[in-house]
>>> print(open('work17.cif').read())   # mmCIF, C-alpha atoms
data_protein
#
loop_
_atom_site.label_atom_id
_atom_site.label_comp_id
_atom_site.auth_asym_id
_atom_site.auth_seq_id
_atom_site.Cartn_x
_atom_site.Cartn_y
_atom_site.Cartn_z
CA MET F 1 -22.76 -3.85 -11.54
CA THR F 2 -21.22 -7.34 -11.44
CA TRP F 3 -18.84 -8.40 -14.22
CA THR F 4 -18.65 -12.11 -14.95
CA LEU F 5 -15.49 -12.86 -16.90
CA ARG F 6 -15.00 -16.34 -18.28
CA PRO F 7 -11.85 -16.64 -20.37
CA THR F 8 -11.99 -19.31 -23.06
CA ARG F 9 -8.55 -20.47 -21.92
CA THR F 10 -6.72 -19.83 -18.64
CA VAL F 11 -3.35 -21.05 -17.36
CA ILE F 12 -2.15 -19.70 -14.00
CA THR F 13 1.45 -20.26 -12.96
CA ALA F 14 2.71 -19.29 -9.49
CA LEU F 15 6.44 -18.91 -8.82
CA GLY F 16 8.48 -17.70 -5.87
CA PRO F 17 7.45 -17.53 -2.20
CA SER F 18 3.98 -18.65 -1.13
CA GLY F 19 1.87 -17.32 1.71
CA PRO F 20 -0.02 -14.07 2.35
CA LEU F 21 1.12 -10.77 0.84
CA ASP F 22 1.27 -7.24 2.24
CA ALA F 23 0.77 -5.77 -1.22
CA ALA F 24 0.38 -6.92 -4.82
CA VAL F 25 1.09 -5.16 -8.11
CA VAL F 26 -1.14 -6.08 -11.05
CA ILE F 27 -0.07 -5.60 -14.69
CA PRO F 28 -2.23 -6.37 -17.74
CA ALA F 29 -0.08 -7.25 -20.77
CA ARG F 30 -1.12 -7.96 -24.34
CA ASN F 31 1.57 -8.51 -26.97
CA GLU F 32 4.15 -6.66 -24.90
CA GLN F 33 7.22 -8.85 -25.41
CA ARG F 34 9.32 -5.78 -26.28
CA ARG F 35 8.52 -3.85 -23.11
CA ILE F 36 7.46 -6.26 -20.37
CA THR F 37 10.97 -7.14 -19.15
CA ALA F 38 11.90 -3.48 -18.68
CA CYS F 39 8.62 -2.97 -16.83
CA LEU F 40 9.33 -5.87 -14.47
CA ASP F 41 12.99 -4.91 -13.97
CA ALA F 42 11.92 -1.45 -12.80
CA LEU F 43 9.31 -2.99 -10.53
CA ALA F 44 11.90 -5.32 -8.98
CA VAL F 45 13.92 -2.32 -7.82
CA ALA F 46 10.82 -0.85 -6.20
CA VAL F 47 9.97 -4.18 -4.54
CA HIS F 48 13.45 -4.54 -3.08
CA GLY F 49 13.15 -1.02 -1.69
CA VAL F 50 10.35 -1.99 0.71
CA ARG F 51 11.74 -5.22 2.14
CA PRO F 52 10.87 -6.99 4.41
CA LEU F 53 7.31 -6.29 3.25
CA ARG F 54 5.91 -9.16 1.20
CA ILE F 55 5.15 -7.81 -2.27
CA GLY F 56 3.66 -9.97 -5.01
CA VAL F 57 3.38 -9.39 -8.75
CA VAL F 58 0.46 -10.55 -10.91
CA VAL F 59 0.79 -10.32 -14.69
CA VAL F 60 -2.28 -11.03 -16.81
CA VAL F 61 -1.19 -11.93 -20.33
CA ASN F 62 -4.39 -11.79 -22.32
CA ASN F 63 -5.07 -12.62 -25.97
CA SER F 64 -1.41 -12.49 -26.89
CA ASN F 65 0.19 -14.12 -29.89
CA ASP F 66 3.78 -13.16 -29.20
CA GLY F 67 6.33 -14.13 -26.54
CA THR F 68 4.99 -11.98 -23.68
CA CYS F 69 4.13 -14.93 -21.45
CA ASP F 70 7.50 -16.60 -22.00
CA LYS F 71 9.25 -13.33 -21.13
CA VAL F 72 7.31 -13.01 -17.87
CA LEU F 73 7.95 -16.62 -16.86
CA ALA F 74 11.66 -16.28 -17.60
CA TRP F 75 11.80 -13.09 -15.54
CA ALA F 76 10.00 -14.74 -12.64
CA MET F 77 12.43 -17.66 -12.60
CA ALA F 78 15.32 -15.18 -12.56
CA HIS F 79 13.79 -13.41 -9.52
CA PRO F 80 12.94 -16.30 -7.14
CA ALA F 81 12.62 -13.98 -4.12
CA ILE F 82 9.55 -12.27 -5.59
CA ALA F 83 6.15 -13.97 -5.54
CA VAL F 84 4.90 -13.91 -9.13
CA GLN F 85 1.62 -15.17 -10.56
CA VAL F 86 1.22 -15.30 -14.33
CA MET F 87 -2.26 -15.65 -15.80
CA ASP F 88 -2.11 -16.56 -19.48
CA CYS F 89 -5.61 -16.35 -20.89
CA ASP F 90 -7.80 -15.69 -23.91
CA LEU F 91 -10.73 -13.41 -23.19
CA ARG F 92 -13.88 -13.52 -25.26
CA GLY F 93 -14.17 -10.91 -28.01
CA CYS F 94 -16.19 -8.31 -26.07
CA ASP F 95 -13.96 -8.78 -23.00
CA ALA F 96 -10.60 -8.77 -24.77
CA HIS F 97 -9.36 -5.48 -23.33
CA ALA F 98 -7.19 -4.05 -20.56
CA GLY F 99 -10.13 -3.34 -18.26
CA ALA F 100 -11.10 -7.00 -18.07
CA ALA F 101 -7.48 -8.12 -17.75
CA ARG F 102 -6.84 -5.65 -14.93
CA ARG F 103 -9.99 -6.85 -13.18
CA LEU F 104 -8.93 -10.52 -13.46
CA GLY F 105 -5.49 -9.71 -12.10
CA LEU F 106 -6.81 -7.79 -9.12
CA ASP F 107 -9.30 -10.52 -8.29
CA LEU F 108 -6.50 -13.08 -8.45
CA ALA F 109 -4.15 -10.96 -6.34
CA ILE F 110 -6.68 -10.41 -3.58
CA ARG F 111 -6.81 -14.16 -2.87
CA ARG F 112 -3.32 -13.96 -1.36
CA LEU F 113 -3.59 -10.47 0.07
CA ASP F 114 -3.57 -9.84 3.80
CA ARG F 115 -6.78 -8.30 5.15
CA ARG F 116 -5.00 -4.96 5.46
CA GLY F 117 -3.20 -5.45 2.19
CA ILE F 118 -2.65 -2.92 -0.57
CA LEU F 119 -3.34 -3.34 -4.28
CA LEU F 120 -1.39 -1.45 -6.92
CA THR F 121 -1.61 -1.35 -10.71
CA THR F 122 0.69 -0.27 -13.50
CA ASP F 123 0.95 -0.97 -17.23
CA ALA F 124 3.22 -3.24 -19.23
CA ASP F 125 4.56 -0.31 -21.28
CA SER F 126 5.47 1.67 -18.15
CA ARG F 127 8.44 1.67 -15.78
CA VAL F 128 7.81 2.59 -12.17
CA ARG F 129 10.35 4.78 -10.38
CA PRO F 130 12.58 3.13 -7.71
CA ASP F 131 10.57 4.63 -4.83
CA TRP F 132 7.16 3.97 -6.41
CA ILE F 133 5.92 1.43 -3.85
CA THR F 134 7.46 3.35 -0.94
CA ALA F 135 5.83 6.59 -2.05
CA ASN F 136 2.45 4.92 -2.56
CA LEU F 137 2.52 3.41 0.93
CA ARG F 138 3.47 6.78 2.40
CA GLU F 139 0.63 8.58 0.63
CA LEU F 140 -1.88 5.90 1.66
CA ALA F 141 -1.44 7.11 5.24
CA HIS F 142 -3.50 10.14 4.17
CA ALA F 143 -5.96 8.65 1.66
CA ASP F 144 -7.59 5.49 0.31
CA LEU F 145 -6.76 5.73 -3.41
CA ILE F 146 -3.52 7.17 -4.73
CA CYS F 147 -3.52 8.44 -8.30
CA GLY F 148 0.08 8.81 -9.35
CA ALA F 149 1.56 10.78 -12.22
CA PHE F 150 3.36 9.65 -15.35
CA ALA F 151 6.09 11.10 -17.52
CA ALA F 152 6.49 10.36 -21.21
CA ASP F 153 9.38 8.18 -22.32
CA GLN F 154 11.90 10.77 -23.49
CA VAL F 155 13.29 8.70 -26.36
CA GLU F 156 9.85 7.99 -27.81
CA ALA F 157 8.69 11.55 -27.22
CA LYS F 158 11.40 12.89 -29.52
CA SER F 159 10.03 10.87 -32.43
CA LEU F 160 6.48 12.24 -32.17
CA PRO F 161 5.23 14.67 -34.85
CA ALA F 162 5.57 18.36 -33.99
CA ALA F 163 1.79 18.75 -34.05
CA VAL F 164 1.50 16.46 -31.02
CA ALA F 165 3.69 18.72 -28.87
CA MET F 166 1.82 21.82 -30.03
CA HIS F 167 -1.60 20.39 -29.22
CA CYS F 168 -0.44 18.90 -25.91
CA HIS F 169 1.02 22.26 -24.87
CA THR F 170 -2.38 23.93 -25.31
CA GLU F 171 -4.21 21.17 -23.50
CA THR F 172 -1.70 21.09 -20.64
CA ALA F 173 -1.97 24.84 -20.14
CA TYR F 174 -5.75 24.60 -19.84
CA MET F 175 -5.52 21.54 -17.60
CA SER F 176 -3.06 23.25 -15.25
CA VAL F 177 -5.31 26.24 -14.61
CA ALA F 178 -8.39 24.00 -14.30
CA VAL F 179 -6.76 21.81 -11.64
CA ARG F 180 -5.73 24.82 -9.54
CA LEU F 181 -9.15 26.41 -9.88
CA ALA F 182 -10.93 23.18 -8.89
CA ALA F 183 -8.77 23.00 -5.76
CA LEU F 184 -9.77 26.56 -4.84
CA LEU F 185 -13.49 26.03 -5.35
CA ASP F 186 -13.77 22.56 -3.83
CA PRO F 187 -10.74 22.04 -1.56
CA MET F 188 -10.00 18.59 -0.14
CA PRO F 189 -8.01 18.34 3.12
CA HIS F 190 -6.69 14.91 2.10
CA ASP F 191 -5.64 16.15 -1.35
CA PRO F 192 -4.09 19.61 -0.85
CA ASP F 193 -2.86 21.45 -3.95
CA PRO F 194 -3.21 18.48 -6.33
CA PRO F 195 -0.83 18.70 -9.32
CA HIS F 196 -3.35 16.82 -11.49
CA LEU F 197 -6.79 15.27 -11.21
CA ASN F 198 -6.19 12.25 -13.42
CA ALA F 199 -6.60 8.57 -12.54
CA SER F 200 -4.44 6.34 -14.70
CA GLY F 201 -4.09 2.58 -14.50
CA ALA F 202 -0.36 3.16 -15.01
CA SER F 203 -0.18 4.21 -11.35
CA LEU F 204 -2.94 3.43 -8.90
CA ALA F 205 -2.71 2.22 -5.31
CA PHE F 206 -5.62 1.51 -3.00
CA THR F 207 -6.72 -0.39 0.05
CA ARG F 208 -8.30 -3.82 -0.08
CA GLN F 209 -11.28 -2.37 1.77
CA LEU F 210 -11.86 0.16 -1.02
CA TYR F 211 -11.61 -2.48 -3.73
CA GLU F 212 -14.12 -4.77 -2.09
CA THR F 213 -16.51 -1.96 -1.13
CA VAL F 214 -16.82 -0.50 -4.65
CA GLY F 215 -17.24 -3.94 -6.25
CA GLY F 216 -13.87 -4.19 -7.96
CA MET F 217 -12.34 -2.74 -11.09
CA PRO F 218 -14.92 -2.07 -13.85
CA ALA F 219 -14.30 -4.58 -16.64
CA ILE F 220 -14.92 -2.10 -19.44
CA GLY F 221 -13.11 -1.53 -22.71
CA MET F 222 -11.89 2.01 -22.09
CA SER F 223 -11.16 4.26 -19.09
CA GLU F 224 -11.66 1.55 -16.47
CA ASP F 225 -9.21 3.49 -14.30
CA ARG F 226 -11.34 6.65 -14.33
CA ALA F 227 -14.51 4.63 -13.76
CA PHE F 228 -12.85 3.00 -10.76
CA ALA F 229 -11.85 6.38 -9.31
CA ALA F 230 -15.43 7.59 -9.83
CA LEU F 231 -16.73 4.57 -7.90
CA ALA F 232 -14.34 5.38 -5.07
CA GLU F 233 -15.59 8.96 -4.96
CA ARG F 234 -19.18 7.74 -5.05
CA HIS F 235 -18.49 5.83 -1.84
CA ASP F 236 -16.75 8.83 -0.22
CA PHE F 237 -13.30 7.28 -0.23
CA ARG F 238 -10.43 9.78 -0.14
CA LEU F 239 -8.58 10.26 -3.44
CA ARG F 240 -5.10 11.74 -3.44
CA HIS F 241 -3.34 12.98 -6.58
CA CYS F 242 0.41 13.47 -6.43
CA THR F 243 3.67 13.59 -8.34
CA SER F 244 5.66 11.94 -5.55
CA VAL F 245 4.41 8.69 -7.10
CA MET F 246 5.77 8.53 -10.63
CA VAL F 247 6.07 6.15 -13.57
CA ASP F 248 7.68 6.60 -16.95
CA THR F 249 5.36 5.44 -19.69
CA SER F 250 5.44 4.84 -23.41
CA CYS F 251 4.15 7.55 -25.72
CA ARG F 252 3.79 5.27 -28.72
CA MET F 253 0.92 5.89 -31.12
CA THR F 254 0.26 2.19 -31.78
CA GLY F 255 -1.44 1.04 -28.60
CA ARG F 256 -3.36 -2.15 -27.86
CA THR F 257 -6.75 -0.41 -27.76
CA SER F 258 -8.62 2.10 -29.89
CA GLY F 259 -8.43 4.70 -27.14
CA GLY F 260 -6.10 5.40 -24.26
CA MET F 261 -2.92 7.42 -24.48
CA ALA F 262 -1.90 5.96 -27.84
CA GLY F 263 -5.25 6.86 -29.37
CA ALA F 264 -5.07 10.39 -27.98
CA LEU F 265 -1.59 10.85 -29.43
CA ARG F 266 -2.73 9.57 -32.83
CA GLU F 267 -5.58 12.09 -32.87
CA ARG F 268 -3.22 14.91 -31.99
CA ALA F 269 -0.86 13.84 -34.74
CA VAL F 270 -3.35 13.65 -37.61
CA GLU F 271 -6.26 15.97 -36.70
CA ALA F 272 -6.08 19.72 -37.13
CA ASP F 273 -8.38 20.34 -34.17
CA PRO F 274 -8.55 17.20 -31.99
CA GLN F 275 -10.75 16.71 -28.98
CA VAL F 276 -9.11 17.18 -25.58
CA ASP F 277 -9.43 15.30 -22.31
CA GLN F 278 -13.06 14.63 -21.42
CA TRP F 279 -12.56 16.19 -17.97
CA LEU F 280 -12.06 19.66 -19.46
CA GLU F 281 -15.05 21.91 -20.17
CA PRO F 282 -15.89 25.59 -20.85
CA ALA F 283 -14.79 28.02 -18.15
CA ALA F 284 -18.31 29.07 -17.08
CA THR F 285 -19.54 25.48 -16.70
CA PHE F 286 -16.35 24.45 -14.94
CA VAL F 287 -16.71 27.20 -12.35
CA LYS F 288 -20.40 26.43 -11.84
CA ARG F 289 -19.63 22.73 -11.32
CA TYR F 290 -16.80 23.09 -8.80
CA GLN F 291 -18.25 26.05 -6.97
CA MET F 292 -21.45 24.06 -6.50
CA ARG F 293 -19.49 21.00 -5.39
CA GLY F 294 -17.67 22.97 -2.72
CA ARG F 295 -20.81 24.69 -1.45
CA LEU F 296 -22.81 21.46 -1.28
CA ARG F 297 -19.98 19.58 0.41
CA ALA F 298 -19.81 22.25 3.12
CA VAL F 299 -23.43 21.67 4.22
CA TRP F 300 -23.81 17.92 3.62
CA PRO F 301 -26.09 16.21 4.70
CA GLU F 302 -28.48 19.02 5.76
CA PRO F 303 -31.47 18.82 3.35
CA ILE F 304 -32.65 22.41 3.75
CA ALA F 305 -29.21 23.86 3.20
CA LEU F 306 -28.58 21.54 0.24
CA ARG F 307 -31.84 22.56 -1.41
CA ALA F 308 -31.08 26.26 -0.89
CA ARG F 309 -27.62 26.00 -2.43
CA LEU F 310 -28.90 23.94 -5.34
CA ALA F 311 -31.58 26.56 -5.96
CA THR F 312 -28.94 29.29 -6.04
CA ALA F 313 -26.79 27.32 -8.49
CA LEU F 314 -29.43 25.72 -10.71
CA GLY F 315 -32.77 27.37 -10.03
CA LEU F 316 -35.74 26.51 -7.80
CA ALA F 317 -37.45 24.06 -10.16
CA GLU F 318 -34.35 21.97 -10.85
CA ALA F 319 -33.37 22.01 -7.17
CA ALA F 320 -36.80 20.67 -6.21
CA GLY F 321 -36.53 17.84 -8.72
CA LEU F 322 -33.03 16.90 -7.60
CA MET F 323 -34.08 16.84 -3.95
CA ALA F 324 -37.30 14.89 -4.52
CA ASP F 325 -35.68 11.52 -3.84
CA PRO F 326 -34.29 10.63 -0.38
CA LEU F 327 -30.68 11.54 0.22
CA PRO F 328 -28.23 8.69 -0.44
CA SER F 329 -25.87 7.52 2.28
CA THR F 330 -22.79 9.22 0.80
CA PHE F 331 -22.04 12.68 -0.51
CA GLY F 332 -20.39 11.17 -3.58
CA ALA F 333 -23.59 9.39 -4.58
CA PHE F 334 -25.56 12.61 -4.06
CA LEU F 335 -23.12 14.56 -6.20
CA GLU F 336 -23.35 11.90 -8.91
CA ARG F 337 -27.13 12.34 -8.93
CA ILE F 338 -26.78 16.11 -9.33
CA GLU F 339 -24.17 16.00 -12.07
CA THR F 340 -25.90 13.36 -14.16
CA ARG F 341 -29.31 15.05 -14.03
CA ALA F 342 -28.63 18.80 -13.96
CA LYS F 343 -29.05 20.27 -17.44
CA ALA F 344 -26.72 23.17 -16.68
CA LEU F 345 -23.89 20.74 -15.94
CA ALA F 346 -24.16 18.68 -19.13
CA ARG F 347 -20.69 17.79 -20.38
CA VAL F 348 -19.48 19.47 -23.56
CA ARG F 349 -16.40 17.91 -25.13
CA LEU F 350 -13.85 20.60 -26.02
CA ARG F 351 -11.40 20.74 -28.88
CA ILE F 352 -7.96 22.33 -28.95
CA SER F 353 -9.40 25.50 -30.53
CA ASP F 354 -11.95 25.69 -27.70
CA CYS F 355 -9.15 25.50 -25.14
CA ARG F 356 -7.37 28.41 -26.77
CA ALA F 357 -10.56 30.47 -26.73
CA GLU F 358 -11.56 29.50 -23.18
CA LEU F 359 -8.13 29.71 -21.51
CA PRO F 360 -8.21 33.52 -20.93
CA LYS F 361 -11.65 33.17 -19.34
CA LEU F 362 -10.46 30.34 -17.11
CA GLU F 363 -7.37 32.32 -16.07
CA GLU F 364 -9.55 35.32 -15.25
CA GLN F 365 -11.74 33.14 -13.05
CA TYR F 366 -8.69 31.72 -11.30
CA ARG F 367 -7.33 35.18 -10.57
CA ALA F 368 -10.69 36.30 -9.22
CA PHE F 369 -11.10 33.36 -6.86
CA SER F 370 -7.47 33.27 -5.75
CA GLN F 371 -7.56 36.90 -4.58
CA PRO F 372 -8.40 37.11 -0.86
CA SER F 373 -11.62 38.93 -0.03
CA ARG F 374 -11.50 42.37 1.57
CA ALA F 375 -12.45 40.87 4.93
CA GLU F 376 -9.67 38.26 4.70
CA ALA F 377 -7.15 40.97 3.78
CA ASP F 378 -8.22 43.07 6.78
CA GLN F 379 -7.92 40.07 9.09
CA ARG F 380 -4.40 39.32 7.86
CA GLN F 381 -3.39 42.93 8.35
CA GLN F 382 -4.77 42.91 11.90
CA ARG F 383 -2.84 39.71 12.70
CA ARG F 384 0.39 41.25 11.40
CA ARG F 385 -0.16 44.34 13.56
CA ALA F 386 -0.88 42.20 16.62
CA GLN F 387 2.43 40.38 16.15
#
>>> encode(input="work17.cif", output="structure tokens")
Amino acid sequence: MTWTLRPTRTVITALGPSGPLDAAVVIPARNEQRRITACLDALAVAVHGVRPLRIGVVVVVNNSNDGTCDKVLAWAMAHPAIAVQVMDCDLRGCDAHAGAARRLGLDLAIRRLDRRGILLTTDADSRVRPDWITANLRELAHADLICGAFAADQVEAKSLPAAVAMHCHTETAYMSVAVRLAALLDPMPHDPDPPHLNASGASLAFTRQLYETVGGMPAIGMSEDRAFAALAERHDFRLRHCTSVMVDTSCRMTGRTSGGMAGALRERAVEADPQVDQWLEPAATFVKRYQMRGRLRAVWPEPIALRARLATALGLAEAAGLMADPLPSTFGAFLERIETRAKALARVRLRISDCRAELPKLEEQYRAFSQPSRAEADQRQQRRRAQ
């Protein structure tokens, strides 16, 4: 899909060094005058840590009616060694969101990016760690898209209602087991033992080749970061999830959009039984999904083997229907076909109470799959004896 974004007003100001860049960091910012300077100060430390690489910063100030743009311009003038581009714009009503702003910033950044350049994104209410750029570049040696982790601002976290911590504890427990189980059932050599499987715009890093191949950042109102990661997977790019790449982010409940982290925190504060992350699902469906993924991946792109494994997982009739069309060029596109059409894999949005009920089942599944088979145990024992 192609997104055509035409702001009703656009002013682009470039400050600092000119010329091609090795990497560029893009930040969407809407009415962030209170937080944007701290965000940029943290980024400056990370930029200085990778000199002499040429790192640029692009800030898209969209639909703001406060002093965000003035703050960014003042910061840029105080840091003349860093190449900064500030896009001050008003997006049309249906496009006035972070997804569109992030897309505009990335498209602007790529104009100055070296052919082998790297694009990174964070958020205006986040502060990257001092080694954030260094760590991203190191991880990109093993993958094409780096999905970093974020920690809640400790000061803001203390002011959250007690219900938020209680609900988040339940959700985190379920998420932790689910991530480990997914890694067992569908292991990725480029993403060993992932600590999470989230893709957040607060910390993404990717190659220029990936960005251009997938068609850019989806300019959608919510979850553009997850949609972008899904596009990367569809094209068989390597995703890597890690905690060596970290940002500290706001845990305010008054965000700039109806969803996102702020929206999730609001729900957990006021609802007795809020919905949890859309990635989570009942234990039985979760196991079926990731076990099937791993088994299909192992035999891709052999049609006969794929059909046989689909039949085992979903039944003969559904397997025949899913294999009726020609195989796509990538495994990711094939998997997308399966997961969007297979009735047995339909997504069911869980609530906190569902997580409590399903967690013992998920833990039982994890224990079962993490135990080595009898044959593996015998082989290990034989190796020990041989030594």
>>> residues_around(input="work17.cif", residues="F:Glu32", least_positions_apart="3", cutoff="9 Å", atoms="only C-alpha atoms", output="PyMOL selection string")
chain F and resi 29+35-37+61+64+66-69+124-125
>>> residues_around(input="work17.cif", residues="stretch 341-348 of chain F", least_positions_apart="6", cutoff="7 Å", atoms="all atoms listed in the file", output="JSON, numbers by chain")
{"F": [281, 285, 289]}
>>> residues_near_point(input="work17.cif", point="(-14.6, 15.8, -31.5)", cutoff="8 Å", atoms="only C-alpha atoms", output="PyMOL selection string")
chain F and resi 274-275+349-351
>>> write_last_selection(input="work17.cif", atoms="C-alpha atoms", output="PDB file, keeping the file's coordinate frame")
ATOM      1  CA  PRO F 274      -8.550  17.200 -31.990  1.00  0.00           C
ATOM      2  CA  GLN F 275     -10.750  16.710 -28.980  1.00  0.00           C
ATOM      3  CA  ARG F 349     -16.400  17.910 -25.130  1.00  0.00           C
ATOM      4  CA  LEU F 350     -13.850  20.600 -26.020  1.00  0.00           C
ATOM      5  CA  ARG F 351     -11.400  20.740 -28.880  1.00  0.00           C
TER       6      ARG F 351
END
>>> resolve_selection(input="work17.cif", expression="the PyMOL selection byres ((chain F and resi 143-153) around 8)", output="PyMOL selection string")
chain F and resi 136+139-142+154-157+190+196+198-200+202-207+210+229+232+237-251
>>> atom_distance(input="work17.cif", atom1="atom CA of F:Val57", atom2="atom CA of F:Arg234")
28.6 Å
>>> resolve_selection(input="work17.cif", expression="the PyMOL selection byres ((chain F and resi 105) around 7)", output="compact mmCIF listing (two decimals) with C-alpha atoms, in the coordinates of the input")
# COMPACT_ATOMS: atom_id res chain seq x y z
CA VAL F 26 -1.14 -6.08 -11.05
CA VAL F 58 0.46 -10.55 -10.91
CA VAL F 59 0.79 -10.32 -14.69
CA VAL F 60 -2.28 -11.03 -16.81
CA ALA F 101 -7.48 -8.12 -17.75
CA ARG F 102 -6.84 -5.65 -14.93
CA ARG F 103 -9.99 -6.85 -13.18
CA LEU F 104 -8.93 -10.52 -13.46
CA LEU F 106 -6.81 -7.79 -9.12
CA ASP F 107 -9.30 -10.52 -8.29
CA LEU F 108 -6.50 -13.08 -8.45
CA ALA F 109 -4.15 -10.96 -6.34
>>> atom_distance(input="work17.cif", atom1="atom CA of F:Gly99", atom2="atom CA of F:Ser223")
7.7 Å
>>> resolve_selection(input="work17.cif", expression="the PyMOL selection byres ((chain F and resi 90) around 12)", output="number ranges by chain")
F: 5-11, 29-30, 60-65, 87-89, 91-97, 100-101, 104
>>> residues_around(input="work17.cif", residues="stretch 159-174 of chain F", least_positions_apart="5", cutoff="12 Å", atoms="all atoms listed in the file", output="JSON, numbers by chain")
{"F": [152, 153, 154, 179, 180, 181, 195, 196, 250, 251, 252, 253, 254, 261, 262, 263, 264, 265, 266, 267, 268, 269, 270, 271, 272, 273, 274, 275, 276, 277, 278, 279, 280, 281, 282, 283, 286, 350, 351, 352, 353, 354, 355, 356, 357, 358, 359, 360, 361, 362, 363, 366]}
>>> closest_residue(input="work17.cif", among="F:Ala76, F:Ile12, F:Met222, F:Ala298", to="F:Asp186", atoms="only C-alpha atoms")
F:Ala298
>>> atom_distance(input="work17.cif", atom1="atom CA of F:Arg208", atom2="atom CA of F:Gly117")
5.8 Å
>>> closest_residue(input="work17.cif", among="F:Arg307, F:His79, F:Lys158, F:Arg226", to="F:Gly56", atoms="all atoms listed in the file")
F:His79
>>> residues_around(input="work17.cif", residues="F:Ile110", least_positions_apart="5", cutoff="10 Å", atoms="all atoms listed in the file", output="CSV table (one decimal) with C-alpha atoms, in the coordinates of the input")
chain,number,residue,atom,x,y,z
F,20,PRO,CA,0.0,-14.1,2.4
F,21,LEU,CA,1.1,-10.8,0.8
F,23,ALA,CA,0.8,-5.8,-1.2
F,24,ALA,CA,0.4,-6.9,-4.8
F,105,GLY,CA,-5.5,-9.7,-12.1
F,115,ARG,CA,-6.8,-8.3,5.2
F,117,GLY,CA,-3.2,-5.4,2.2
F,118,ILE,CA,-2.6,-2.9,-0.6
F,119,LEU,CA,-3.3,-3.3,-4.3
F,208,ARG,CA,-8.3,-3.8,-0.1
F,211,TYR,CA,-11.6,-2.5,-3.7
F,212,GLU,CA,-14.1,-4.8,-2.1
>>> closest_residue(input="work17.cif", among="F:Ala14, F:Val287, F:Leu231, F:Leu197", to="F:Pro80", atoms="all atoms listed in the file")
F:Ala14
>>> closest_residue(input="work17.cif", among="F:Lys288, F:Arg51, F:Arg34, F:Arg367", to="F:Ile133", atoms="only C-alpha atoms")
F:Arg51
>>> residues_around(input="work17.cif", residues="stretch 326-331 of chain F", least_positions_apart="2", cutoff="9 Å", atoms="all atoms listed in the file", output="PyMOL selection string")
chain F and resi 233-236+296-297+300-301+303+323-324+333-336
>>> residues_near_point(input="work17.cif", point="(-33.6, 24.4, -8.0)", cutoff="12 Å", atoms="only C-alpha atoms", output="list in words")
Ile304, Leu306, Arg307, Ala308, Arg309, Leu310, Ala311, Thr312, Ala313, Leu314, Gly315, Leu316, Ala317, Glu318, Ala319, Ala320, Gly321, Leu322, Met323, Ala324, Ile338, Arg341, Ala342, Lys343 and Ala344 of chain F
